[in-house]
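Asker: Below is one structure. I have some questions about it.
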Amino acid sequence: MDRLIRFFSGGIVKKNGEFARMRQQISRFHRPPSFDDLVVQVNELFKVEREQWDICLRGRFDAGEKIAHYVLIPIATEDDWMFYTDVVKGSQVNVVEIVVDFCTRGIGGHEVIQDDDPMEHITQEHLTPHDALSEDDEEEDQDDEDVGVTYSLI
């Protein structure tokens, strides 16, 4: 747990905390990362080309015992990061999972952008806007309220 982080982007975080169509990237660290180490890694993996957009981070952990119960919390400071890693250490599945979102208020505001307008540096195959989903995908997600849409930045 201390040196491995799973980053998720490019899909939907459902109301129940489950992921739909998310891409995963795994990063290894030589020592347990600080919040600054996390931000450096995120900035290396994900680039923002629109000035008004920032990257927001949310940590996910499983608070359930026998049945998964996912909780997402914003991570905007060193204190948030320390709290999140302490919670993960005591959880059923102690793996650090970070959701990378675009937002308009900076790393602490967490106002997730739900813009269907594709970005110039991402090919259309990397994006799955909600209106481009197949009917099967729409039926699958119909009962789940979307909490945020993230776009892959790779």
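Within each chain, counting starts at residue 1; across the structure tokens, chains are named A, B, ... in the order shown, with ligands numbered 1 upward in that order.
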Residues near Arg6 in chain A, anyone? I mean within 6 Å using only C-alpha atoms, not counting same-chain ones fewer than 3 positions away, as a ChimeraX atom specification.
Answerer: /A:25-26,97
Asker: Do you have the CA of Asn94 in chain A-CA of Phe61 in chain A distance handy?
Answerer: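 One can read the CA of Asn94 in chain A to CA of Phe61 in chain A distance as 7.7 Å.
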Asker: Fewer than 4 positions away in the same chain doesn't count, so skip those; otherwise give me all residues within 7 Å of range 79-83 of chain A, counting only C-alpha atoms, as a list of chain:residue names.
Answerer: A:Phe35, A:Ile75, A:Val87
Asker: Next, write the just-selected residues to a file, as a CSV table (one decimal), in the first residue's frame, keeping N, CA and C atoms as the atom set.
Answerer:
```csv
chain,number,residue,atom,x,y,z
A,35,PHE,N,2.3,14.1,-0.3
A,35,PHE,CA,1.3,14.7,-1.1
A,35,PHE,C,2.0,15.4,-2.3
A,75,ILE,N,-8.8,15.0,-2.1
A,75,ILE,CA,-7.5,15.1,-1.6
A,75,ILE,C,-6.9,16.4,-2.2
A,87,VAL,N,-6.7,6.0,6.5
A,87,VAL,CA,-8.0,5.3,6.4
A,87,VAL,C,-7.8,4.0,5.5
```
Asker: Which polymer residues have any atom within 12 Å of an atom of Gly90 in chain A, counting only C-alpha atoms, with same-chain residues fewer than 2 positions away left out, as a compact mmCIF listing (two decimals) with N, CA and C atoms, in the first residue's frame?
Answerer:
```txt
# COMPACT_ATOMS: atom_id res chain seq x y z
N MET A 1 0.81 -1.19 0.00
CA MET A 1 0.00 0.00 0.00
C MET A 1 0.86 1.25 0.00
N PHE A 61 -11.84 4.41 -1.19
CA PHE A 61 -11.54 3.26 -0.33
C PHE A 61 -12.82 2.48 -0.09
N ASP A 62 -12.66 1.23 0.27
CA ASP A 62 -13.77 0.33 0.52
C ASP A 62 -14.04 0.30 2.02
N ALA A 63 -15.16 0.88 2.43
CA ALA A 63 -15.53 0.93 3.84
C ALA A 63 -16.44 -0.22 4.25
N GLY A 64 -16.74 -1.11 3.31
CA GLY A 64 -17.62 -2.23 3.60
C GLY A 64 -16.85 -3.38 4.23
N GLU A 65 -17.59 -4.32 4.78
CA GLU A 65 -16.95 -5.51 5.34
C GLU A 65 -17.13 -6.69 4.40
N PHE A 83 -4.64 11.70 5.98
CA PHE A 83 -5.88 11.12 6.48
C PHE A 83 -6.32 9.97 5.58
N TYR A 84 -6.31 10.20 4.27
CA TYR A 84 -6.73 9.16 3.32
C TYR A 84 -5.86 7.90 3.44
N THR A 85 -4.54 8.06 3.48
CA THR A 85 -3.68 6.88 3.56
C THR A 85 -3.87 6.14 4.89
N ASP A 86 -4.13 6.87 5.97
CA ASP A 86 -4.43 6.21 7.25
C ASP A 86 -5.72 5.41 7.17
N VAL A 87 -6.74 5.98 6.53
CA VAL A 87 -8.02 5.28 6.37
C VAL A 87 -7.83 4.03 5.51
N VAL A 88 -7.06 4.15 4.44
CA VAL A 88 -6.83 3.00 3.54
C VAL A 88 -6.10 1.88 4.29
N GLN A 92 -10.68 -2.65 4.49
CA GLN A 92 -10.72 -4.04 4.06
C GLN A 92 -9.70 -4.31 2.95
N VAL A 93 -9.67 -3.44 1.95
CA VAL A 93 -8.73 -3.56 0.83
C VAL A 93 -7.82 -2.35 0.91
N ASN A 94 -6.58 -2.55 1.33
CA ASN A 94 -5.71 -1.40 1.55
C ASN A 94 -4.82 -1.11 0.35
N VAL A 95 -5.48 -0.65 -0.73
CA VAL A 95 -4.79 -0.22 -1.94
C VAL A 95 -5.19 1.23 -2.20
N VAL A 96 -4.21 2.08 -2.47
CA VAL A 96 -4.49 3.49 -2.75
C VAL A 96 -5.04 3.61 -4.17
```
Asker: Which one is closest to Asp54 in chain A: A:Thr104, A:Ser9, A:Ser27, A:Gln41? Count only C-alpha atoms.
Answerer: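 That would be A:Thr104, the residue with the smallest distance to Asp54 in chain A.
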Asker: Which residue out of A:Gly11, A:Val42, A:Arg3, A:Ile67 has the minimum interatomic distance to Ile98 in chain A when only C-alpha atoms are used?
Answerer: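 Nearest candidate to Ile98 in chain A out of A:Gly11, A:Val42, A:Arg3, A:Ile67: A:Val42.
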Asker: Considering only C-alpha atoms, return as number ranges by chain whatever protein or nucleic-acid residues lie within 9 Å of Arg28 in chain A, sequence-local ones (same chain, fewer than 3 positions apart) excluded.
Answerer: A: 3-5, 31
Asker: Return the single residue from A:Asp36, A:Ser91, A:Arg21, A:Trp53 that is closest to His69 in chain A, with distances computed using only C-alpha atoms.
Answerer: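 Distance minimum relative to His69 in chain A lands on A:Ser91.
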